[in-house]
Every structure is written in C-alpha cells, then in structure tokens.
$ cat start.cif   # mmCIF, N, CA and C atoms
data_coords
#
loop_
_atom_site.label_atom_id
_atom_site.label_comp_id
_atom_site.auth_asym_id
_atom_site.auth_seq_id
_atom_site.Cartn_x
_atom_site.Cartn_y
_atom_site.Cartn_z
N MET A 1 -66.64 39.25 -3.32
CA MET A 1 -65.53 38.31 -3.24
C MET A 1 -64.58 38.76 -2.13
N ARG A 2 -64.16 37.81 -1.28
CA ARG A 2 -63.28 38.15 -0.17
C ARG A 2 -61.82 38.08 -0.60
N ARG A 3 -61.03 38.95 -0.02
CA ARG A 3 -59.60 38.95 -0.30
C ARG A 3 -58.91 37.83 0.47
N ALA A 4 -57.73 37.46 -0.01
CA ALA A 4 -56.99 36.37 0.63
C ALA A 4 -56.65 36.71 2.08
N SER A 5 -56.28 37.98 2.35
CA SER A 5 -55.92 38.36 3.71
C SER A 5 -57.11 38.27 4.65
N GLU A 6 -58.32 38.42 4.14
CA GLU A 6 -59.51 38.31 4.97
C GLU A 6 -59.81 36.85 5.30
N ARG A 7 -59.31 35.93 4.50
CA ARG A 7 -59.56 34.51 4.71
C ARG A 7 -58.62 33.88 5.73
N VAL A 8 -57.56 34.59 6.11
CA VAL A 8 -56.63 34.04 7.08
C VAL A 8 -57.36 33.92 8.42
N LYS A 9 -57.29 32.75 8.99
CA LYS A 9 -58.00 32.50 10.24
C LYS A 9 -57.28 33.20 11.39
N PRO A 10 -58.01 33.61 12.41
CA PRO A 10 -57.39 34.35 13.51
C PRO A 10 -56.35 33.55 14.29
N TRP A 11 -56.41 32.23 14.23
CA TRP A 11 -55.43 31.42 14.96
C TRP A 11 -54.25 31.01 14.08
N HIS A 12 -54.11 31.61 12.90
CA HIS A 12 -52.95 31.36 12.04
C HIS A 12 -51.93 32.47 12.23
N ILE A 13 -50.67 32.10 12.24
CA ILE A 13 -49.57 33.06 12.34
C ILE A 13 -48.71 32.88 11.10
N GLU A 14 -48.50 33.97 10.36
CA GLU A 14 -47.68 33.89 9.15
C GLU A 14 -46.46 34.79 9.29
N SER A 15 -45.33 34.30 8.79
CA SER A 15 -44.12 35.11 8.73
C SER A 15 -43.32 34.68 7.51
N SER A 16 -42.45 35.57 7.04
CA SER A 16 -41.62 35.26 5.88
C SER A 16 -40.33 36.07 5.94
N SER A 17 -39.39 35.70 5.09
CA SER A 17 -38.12 36.41 5.03
C SER A 17 -38.25 37.72 4.27
N GLY A 18 -39.35 37.93 3.58
CA GLY A 18 -39.57 39.16 2.82
C GLY A 18 -39.83 38.87 1.35
N GLU A 19 -40.06 39.92 0.60
CA GLU A 19 -40.38 39.78 -0.82
C GLU A 19 -39.18 39.32 -1.66
N GLU A 20 -38.02 39.88 -1.37
CA GLU A 20 -36.82 39.60 -2.17
C GLU A 20 -35.96 38.51 -1.54
N PRO A 21 -35.36 37.65 -2.36
CA PRO A 21 -34.43 36.65 -1.83
C PRO A 21 -33.22 37.33 -1.18
N GLN A 22 -32.67 36.70 -0.15
CA GLN A 22 -31.53 37.25 0.57
C GLN A 22 -30.39 36.23 0.59
N SER A 23 -29.17 36.75 0.76
CA SER A 23 -27.99 35.88 0.82
C SER A 23 -27.11 36.30 1.98
N HIS A 24 -26.35 35.36 2.52
CA HIS A 24 -25.33 35.71 3.51
C HIS A 24 -24.19 36.38 2.74
N LEU A 25 -23.83 37.60 3.13
CA LEU A 25 -22.87 38.40 2.37
C LEU A 25 -21.51 37.72 2.21
N ASP A 26 -20.98 37.11 3.27
CA ASP A 26 -19.66 36.49 3.16
C ASP A 26 -19.64 35.34 2.15
N VAL A 27 -20.74 34.61 2.06
CA VAL A 27 -20.84 33.52 1.08
C VAL A 27 -20.98 34.10 -0.32
N LEU A 28 -21.82 35.12 -0.46
CA LEU A 28 -22.09 35.73 -1.76
C LEU A 28 -20.82 36.34 -2.36
N GLU A 29 -19.99 36.97 -1.52
CA GLU A 29 -18.75 37.59 -1.99
C GLU A 29 -17.72 36.55 -2.44
N ALA A 30 -17.82 35.32 -1.93
CA ALA A 30 -16.83 34.29 -2.23
C ALA A 30 -17.33 33.26 -3.24
N VAL A 31 -18.43 33.55 -3.94
CA VAL A 31 -18.97 32.60 -4.92
C VAL A 31 -17.95 32.40 -6.03
N THR A 32 -17.68 31.13 -6.37
CA THR A 32 -16.66 30.81 -7.38
C THR A 32 -17.26 30.31 -8.68
N SER A 33 -18.56 30.12 -8.72
CA SER A 33 -19.20 29.57 -9.90
C SER A 33 -20.37 30.45 -10.33
N THR A 34 -20.53 30.60 -11.64
CA THR A 34 -21.68 31.36 -12.13
C THR A 34 -22.93 30.48 -12.18
N ALA A 35 -22.74 29.18 -12.06
CA ALA A 35 -23.88 28.25 -12.09
C ALA A 35 -24.67 28.36 -10.79
N ARG A 36 -25.99 28.45 -10.95
CA ARG A 36 -26.89 28.49 -9.81
C ARG A 36 -28.04 27.53 -10.08
N GLU A 37 -28.24 26.61 -9.19
CA GLU A 37 -29.31 25.63 -9.34
C GLU A 37 -30.43 25.97 -8.36
N PRO A 38 -31.61 26.38 -8.87
CA PRO A 38 -32.71 26.70 -7.95
C PRO A 38 -33.24 25.45 -7.25
N LEU A 39 -33.43 25.57 -5.95
CA LEU A 39 -33.93 24.46 -5.14
C LEU A 39 -35.15 24.91 -4.34
N HIS A 40 -36.04 23.97 -4.06
CA HIS A 40 -37.24 24.27 -3.27
C HIS A 40 -37.53 23.08 -2.36
N HIS A 41 -37.91 23.38 -1.13
CA HIS A 41 -38.26 22.31 -0.19
C HIS A 41 -39.38 22.80 0.72
N THR A 42 -40.37 21.94 0.94
CA THR A 42 -41.48 22.26 1.84
C THR A 42 -41.61 21.15 2.87
N ASP A 43 -41.69 21.57 4.13
CA ASP A 43 -41.90 20.64 5.23
C ASP A 43 -43.16 21.04 5.99
N THR A 44 -43.86 20.06 6.50
CA THR A 44 -44.96 20.30 7.42
C THR A 44 -44.62 19.61 8.73
N PHE A 45 -44.65 20.38 9.81
CA PHE A 45 -44.35 19.85 11.14
C PHE A 45 -45.62 19.87 11.98
N ILE A 46 -45.82 18.84 12.76
CA ILE A 46 -46.87 18.82 13.76
C ILE A 46 -46.16 18.99 15.10
N CYS A 47 -46.46 20.09 15.80
CA CYS A 47 -45.78 20.42 17.04
C CYS A 47 -46.77 20.49 18.20
N ASP A 48 -46.28 20.14 19.36
CA ASP A 48 -47.11 20.17 20.55
C ASP A 48 -46.53 21.17 21.54
N GLY A 49 -47.37 21.98 22.16
CA GLY A 49 -46.94 22.87 23.23
C GLY A 49 -46.50 24.25 22.80
N ALA A 50 -45.73 24.37 21.74
CA ALA A 50 -45.20 25.65 21.28
C ALA A 50 -44.65 25.47 19.87
N VAL A 51 -44.15 26.56 19.28
CA VAL A 51 -43.52 26.48 17.96
C VAL A 51 -42.26 27.34 17.96
N ASN A 52 -41.10 26.69 17.83
CA ASN A 52 -39.81 27.36 17.70
C ASN A 52 -39.48 27.39 16.21
N VAL A 53 -39.87 28.47 15.55
CA VAL A 53 -39.73 28.56 14.09
C VAL A 53 -38.27 28.55 13.66
N VAL A 54 -37.38 29.13 14.45
CA VAL A 54 -35.96 29.15 14.10
C VAL A 54 -35.44 27.72 13.96
N GLN A 55 -35.78 26.87 14.90
CA GLN A 55 -35.34 25.47 14.86
C GLN A 55 -35.93 24.73 13.65
N LEU A 56 -37.20 24.99 13.35
CA LEU A 56 -37.85 24.33 12.21
C LEU A 56 -37.28 24.83 10.89
N LEU A 57 -37.00 26.14 10.80
CA LEU A 57 -36.37 26.70 9.60
C LEU A 57 -35.00 26.06 9.36
N ARG A 58 -34.26 25.89 10.44
CA ARG A 58 -32.94 25.28 10.33
C ARG A 58 -33.02 23.86 9.79
N ALA A 59 -34.01 23.11 10.26
CA ALA A 59 -34.19 21.73 9.79
C ALA A 59 -34.54 21.70 8.30
N THR A 60 -35.42 22.60 7.88
CA THR A 60 -35.82 22.65 6.46
C THR A 60 -34.65 23.10 5.60
N ARG A 61 -33.89 24.10 6.06
CA ARG A 61 -32.74 24.58 5.31
C ARG A 61 -31.68 23.49 5.20
N ASN A 62 -31.49 22.71 6.27
CA ASN A 62 -30.52 21.61 6.22
C ASN A 62 -30.89 20.58 5.16
N SER A 63 -32.18 20.35 4.96
CA SER A 63 -32.62 19.43 3.89
C SER A 63 -32.23 19.98 2.53
N LEU A 64 -32.38 21.30 2.35
CA LEU A 64 -31.97 21.94 1.09
C LEU A 64 -30.46 21.83 0.91
N MET A 65 -29.72 22.03 2.00
CA MET A 65 -28.26 21.98 1.93
C MET A 65 -27.79 20.57 1.56
N GLU A 66 -28.45 19.55 2.07
CA GLU A 66 -28.10 18.17 1.70
C GLU A 66 -28.31 17.93 0.21
N LEU A 67 -29.39 18.47 -0.32
CA LEU A 67 -29.66 18.35 -1.75
C LEU A 67 -28.60 19.11 -2.55
N ALA A 68 -28.22 20.29 -2.08
CA ALA A 68 -27.19 21.08 -2.76
C ALA A 68 -25.86 20.31 -2.80
N GLU A 69 -25.50 19.71 -1.69
CA GLU A 69 -24.25 18.94 -1.64
C GLU A 69 -24.31 17.72 -2.55
N PHE A 70 -25.48 17.13 -2.69
CA PHE A 70 -25.66 15.97 -3.57
C PHE A 70 -25.39 16.33 -5.03
N ILE A 71 -25.71 17.57 -5.43
CA ILE A 71 -25.48 18.00 -6.82
C ILE A 71 -24.14 18.71 -7.00
N GLY A 72 -23.30 18.72 -5.95
CA GLY A 72 -21.95 19.27 -6.08
C GLY A 72 -21.78 20.70 -5.62
N ALA A 73 -22.78 21.30 -5.04
CA ALA A 73 -22.67 22.67 -4.53
C ALA A 73 -22.26 22.61 -3.06
N ASN A 74 -21.77 23.75 -2.54
CA ASN A 74 -21.40 23.77 -1.13
C ASN A 74 -21.97 24.97 -0.38
N ALA A 75 -22.86 25.73 -1.04
CA ALA A 75 -23.44 26.90 -0.39
C ALA A 75 -24.81 27.22 -0.98
N LEU A 76 -25.61 27.92 -0.19
CA LEU A 76 -26.92 28.39 -0.66
C LEU A 76 -26.91 29.91 -0.69
N ILE A 77 -27.47 30.47 -1.77
CA ILE A 77 -27.64 31.92 -1.89
C ILE A 77 -29.06 32.19 -2.37
N GLU A 78 -29.43 33.45 -2.40
CA GLU A 78 -30.75 33.88 -2.87
C GLU A 78 -31.85 33.10 -2.14
N GLU A 79 -31.80 33.13 -0.83
CA GLU A 79 -32.72 32.35 0.01
C GLU A 79 -34.00 33.13 0.32
N LYS A 80 -35.08 32.38 0.43
CA LYS A 80 -36.38 32.96 0.77
C LYS A 80 -37.21 31.88 1.45
N TRP A 81 -37.91 32.25 2.52
CA TRP A 81 -38.76 31.28 3.22
C TRP A 81 -40.09 31.90 3.62
N ASN A 82 -41.08 31.02 3.77
CA ASN A 82 -42.41 31.39 4.26
C ASN A 82 -42.80 30.36 5.31
N CYS A 83 -43.47 30.84 6.36
CA CYS A 83 -43.90 29.95 7.44
C CYS A 83 -45.34 30.27 7.82
N THR A 84 -46.17 29.25 7.90
CA THR A 84 -47.54 29.39 8.36
C THR A 84 -47.77 28.44 9.53
N ILE A 85 -48.19 29.01 10.64
CA ILE A 85 -48.51 28.21 11.83
C ILE A 85 -50.02 28.18 11.97
N CYS A 86 -50.59 27.00 11.90
CA CYS A 86 -52.03 26.83 12.11
C CYS A 86 -52.21 26.36 13.54
N GLY A 87 -52.66 27.27 14.37
CA GLY A 87 -52.81 26.96 15.78
C GLY A 87 -54.11 26.24 16.06
N PRO A 88 -54.18 25.62 17.21
CA PRO A 88 -55.41 24.94 17.58
C PRO A 88 -56.52 25.94 17.88
N LYS A 89 -57.73 25.57 17.57
CA LYS A 89 -58.86 26.45 17.86
C LYS A 89 -59.01 26.59 19.37
N HIS A 90 -58.76 25.52 20.09
CA HIS A 90 -58.85 25.53 21.55
C HIS A 90 -57.43 25.40 22.08
N ARG A 91 -56.81 26.50 22.41
CA ARG A 91 -55.39 26.63 22.72
C ARG A 91 -54.85 25.73 23.83
N PRO A 92 -55.53 25.52 24.96
CA PRO A 92 -54.90 24.85 26.10
C PRO A 92 -54.21 23.52 25.79
N ASN A 93 -54.81 22.65 25.03
CA ASN A 93 -54.13 21.37 24.77
C ASN A 93 -54.41 20.91 23.35
N GLY A 94 -53.81 21.64 22.42
CA GLY A 94 -53.91 21.26 21.02
C GLY A 94 -52.55 21.24 20.38
N THR A 95 -52.49 20.77 19.15
CA THR A 95 -51.22 20.74 18.43
C THR A 95 -51.23 21.83 17.37
N PHE A 96 -50.04 22.20 16.93
CA PHE A 96 -49.86 23.20 15.89
C PHE A 96 -49.39 22.51 14.62
N LYS A 97 -49.93 22.93 13.50
CA LYS A 97 -49.46 22.45 12.20
C LYS A 97 -48.65 23.60 11.60
N VAL A 98 -47.39 23.34 11.29
CA VAL A 98 -46.49 24.38 10.80
C VAL A 98 -46.00 23.98 9.41
N GLN A 99 -46.22 24.85 8.44
CA GLN A 99 -45.74 24.59 7.08
C GLN A 99 -44.65 25.59 6.75
N ILE A 100 -43.49 25.07 6.36
CA ILE A 100 -42.36 25.91 5.99
C ILE A 100 -41.97 25.60 4.56
N SER A 101 -41.93 26.65 3.75
CA SER A 101 -41.51 26.55 2.36
C SER A 101 -40.22 27.35 2.21
N TYR A 102 -39.16 26.72 1.71
CA TYR A 102 -37.84 27.36 1.63
C TYR A 102 -37.31 27.21 0.21
N THR A 103 -36.90 28.31 -0.40
CA THR A 103 -36.27 28.27 -1.72
C THR A 103 -34.89 28.92 -1.63
N ALA A 104 -33.98 28.43 -2.45
CA ALA A 104 -32.63 28.97 -2.50
C ALA A 104 -31.97 28.50 -3.78
N SER A 105 -30.83 29.11 -4.09
CA SER A 105 -30.04 28.67 -5.24
C SER A 105 -28.75 28.04 -4.72
N ALA A 106 -28.44 26.87 -5.23
CA ALA A 106 -27.22 26.17 -4.85
C ALA A 106 -26.08 26.64 -5.74
N THR A 107 -24.90 26.85 -5.14
CA THR A 107 -23.74 27.29 -5.90
C THR A 107 -22.47 26.82 -5.17
N ARG A 108 -21.32 27.18 -5.74
CA ARG A 108 -20.04 26.87 -5.11
C ARG A 108 -19.44 28.16 -4.59
N SER A 109 -18.82 28.08 -3.40
CA SER A 109 -18.23 29.25 -2.77
C SER A 109 -16.94 28.85 -2.06
N ASP A 110 -16.01 29.80 -1.96
CA ASP A 110 -14.77 29.57 -1.22
C ASP A 110 -15.01 29.63 0.29
N ARG A 111 -16.06 30.26 0.70
CA ARG A 111 -16.41 30.36 2.12
C ARG A 111 -17.41 29.29 2.49
N ALA A 112 -17.31 28.80 3.68
CA ALA A 112 -18.23 27.77 4.16
C ALA A 112 -19.63 28.34 4.36
N ASP A 113 -20.62 27.56 4.02
CA ASP A 113 -22.00 27.95 4.25
C ASP A 113 -22.24 28.05 5.75
N PRO A 114 -22.92 29.11 6.22
CA PRO A 114 -23.12 29.28 7.67
C PRO A 114 -24.16 28.34 8.29
N HIS A 115 -24.88 27.58 7.47
CA HIS A 115 -25.92 26.66 7.95
C HIS A 115 -26.91 27.39 8.86
N LYS A 116 -27.28 28.61 8.44
CA LYS A 116 -28.19 29.44 9.22
C LYS A 116 -29.18 30.09 8.27
N PRO A 117 -30.47 30.01 8.55
CA PRO A 117 -31.46 30.67 7.68
C PRO A 117 -31.28 32.19 7.68
N VAL A 118 -31.73 32.83 6.62
CA VAL A 118 -31.68 34.28 6.53
C VAL A 118 -32.90 34.88 7.24
N ALA A 119 -32.81 36.17 7.56
CA ALA A 119 -33.93 36.96 8.10
C ALA A 119 -34.58 36.35 9.34
N LEU A 120 -33.76 35.89 10.26
CA LEU A 120 -34.31 35.31 11.49
C LEU A 120 -35.01 36.35 12.36
N ASP A 121 -34.74 37.63 12.11
CA ASP A 121 -35.41 38.69 12.86
C ASP A 121 -36.89 38.82 12.50
N LYS A 122 -37.32 38.19 11.43
CA LYS A 122 -38.71 38.28 10.98
C LYS A 122 -39.56 37.07 11.42
N VAL A 123 -38.98 36.21 12.22
CA VAL A 123 -39.66 34.99 12.66
C VAL A 123 -40.74 35.32 13.69
N LYS A 124 -41.90 34.68 13.52
CA LYS A 124 -42.97 34.75 14.52
C LYS A 124 -43.30 33.33 14.94
N GLY A 125 -43.27 33.07 16.23
CA GLY A 125 -43.52 31.73 16.72
C GLY A 125 -44.50 31.74 17.88
N VAL A 126 -44.57 30.63 18.57
CA VAL A 126 -45.41 30.48 19.76
C VAL A 126 -44.48 30.08 20.90
N PRO A 127 -44.37 30.93 21.94
CA PRO A 127 -43.43 30.64 23.03
C PRO A 127 -43.82 29.41 23.84
N GLY A 128 -42.80 28.79 24.40
CA GLY A 128 -43.01 27.62 25.24
C GLY A 128 -42.06 26.51 24.84
N LEU A 129 -42.30 25.33 25.36
CA LEU A 129 -41.47 24.17 25.07
C LEU A 129 -42.09 23.37 23.93
N MET A 130 -41.37 23.31 22.80
CA MET A 130 -41.89 22.66 21.60
C MET A 130 -41.49 21.19 21.57
N THR A 131 -42.44 20.36 21.19
CA THR A 131 -42.18 18.95 20.91
C THR A 131 -42.64 18.69 19.48
N VAL A 132 -41.72 18.25 18.62
CA VAL A 132 -42.10 17.91 17.25
C VAL A 132 -42.64 16.49 17.26
N VAL A 133 -43.91 16.37 16.93
CA VAL A 133 -44.59 15.08 16.93
C VAL A 133 -44.38 14.35 15.61
N LYS A 134 -44.37 15.12 14.52
CA LYS A 134 -44.27 14.51 13.19
C LYS A 134 -43.69 15.52 12.21
N ARG A 135 -42.91 15.01 11.24
CA ARG A 135 -42.39 15.83 10.15
C ARG A 135 -42.80 15.18 8.84
N ILE A 136 -43.46 15.97 8.00
CA ILE A 136 -43.93 15.48 6.71
C ILE A 136 -43.16 16.23 5.62
N VAL A 137 -42.35 15.53 4.85
CA VAL A 137 -41.59 16.13 3.76
C VAL A 137 -42.47 16.12 2.52
N GLU A 138 -42.74 17.32 1.98
CA GLU A 138 -43.62 17.40 0.82
C GLU A 138 -42.86 17.49 -0.49
N SER A 139 -41.71 18.13 -0.49
CA SER A 139 -40.93 18.22 -1.73
C SER A 139 -39.51 18.58 -1.43
#
$ encode --input "start.cif" --output "structure tokens"
Amino acid sequence: MRRASERVKPWHIESSSGEEPQSHLDVLEAVTSTAREPLHHTDTFICDGAVNVVQLLRATRNSLMELAEFIGANALIEEKWNCTICGPKHRPNGTFKVQISYTASATRSDRADPHKPVALDKVKGVPGLMTVVKRIVES
C-alpha cells in the first residue's frame, strides 16, 4: 500500500499555515467576546501563467470575513489554511488549478481585523504574471 505522500504528483505544490491554528496577536489581545463561531471556506481557482498564492489566500479569507460580518463578528482568530497547486503536465502553456481551504473562528474584537492571512512566510507559489480565469466557490 502506498503512502499519501508518495501519491502526490511531481507537478503539485502544497503549502499550509502549519499544524496549529494561528491568530493575529493584536486582534487576539482585544477580543471582547467569549463566543467563537467556527467557519470554513474552500475556493478553487483556475489560473493562467503563474500562481500568486498570497493574492488567492486574501480573496478566500475575505469571503470568510464577509460571512463573519454577516453573523455579527468583526474579526477572525484561530486561522489555518491549506493550498494545493496542480500544475500543468506540460508547463509552457497550461493552466494551474489551485485549491485553497481556509478555516477560522469568528469573534468580536476592539481592534480592527487586519484583513491579512496568517503565515504568509509559508506560501509556495509559481512566479510570473497570474491571470485568474475562473473562481469556483465550494463552501
């Protein structure tokens, strides 16, 4: 039986924020409510030319933030994300399929949410000029 890591195709690039959820410290210190509503959102992007994961993470996180605001929260804490880039088998002129899964807890805070994903230092992308061809919202 093959392990999951052996099944990852050589043209796939995976990155994540890490095992443990992370929070922006200034928001976490100013939390005013003990209530935390867990949220999850998954997007699939079809990109041409390159993959700017920071920009795609920001778009997915903004969708979570809109949901948080809809339920009365104004900040996200305990954030965690995973990103898988499925590259073209023939690199010169193919598209990339990028799946981003983002989880966080919505809460109320006295400090404004920074509207910035956590652990951006762990991002792995494909350099170049990215064109988003399609965005598929899964949840």
$ closest_atom_pairs --input "start.cif" --of "segment 104-126 of chain A" --to "segment 74-89 of chain A" --cutoff "6 Å" --atoms "all atoms listed in the file" --output "JSON lines"
{"residue": "A:Ala104", "atom": "CA", "partner": "A:Glu79", "partner_atom": "CA", "distance": 4.2}
{"residue": "A:Ser105", "atom": "N", "partner": "A:Ile77", "partner_atom": "C", "distance": 3.9}
{"residue": "A:Ala106", "atom": "CA", "partner": "A:Ala75", "partner_atom": "C", "distance": 4.7}
{"residue": "A:Thr107", "atom": "C", "partner": "A:Asn74", "partner_atom": "N", "distance": 4.1}
{"residue": "A:Arg108", "atom": "CA", "partner": "A:Asn74", "partner_atom": "N", "distance": 4.4}
{"residue": "A:Ser109", "atom": "N", "partner": "A:Ala75", "partner_atom": "N", "distance": 5.2}
{"residue": "A:Asp113", "atom": "CA", "partner": "A:Ala75", "partner_atom": "CA", "distance": 5.0}
$ select_by_dssp --input "start.cif" --residues "segment 2-133 of chain A" --states "helix (DSSP H, G or I)" --output "MDAnalysis selection string"
chainID A and resid 4:7 25:29 53:70 91:93 120:122
$ residues_around --input "start.cif" --residues "segment 122-137 of chain A" --least-positions-apart "5" --cutoff "5 Å" --atoms "only N, CA and C atoms" --output "ChimeraX atom specification"
/A:43-51
$ atom_distance --input "start.cif" --atom1 "atom N of Ile13 of chain A" --atom2 "atom C of His115 of chain A"
24.5 Å
$ atom_distance --input "start.cif" --atom1 "atom C of Arg111 of chain A" --atom2 "atom CA of Val27 of chain A"
5.6 Å
$ atom_distance --input "start.cif" --atom1 "atom N of Glu66 of chain A" --atom2 "atom CA of Ser101 of chain A"
14.8 Å
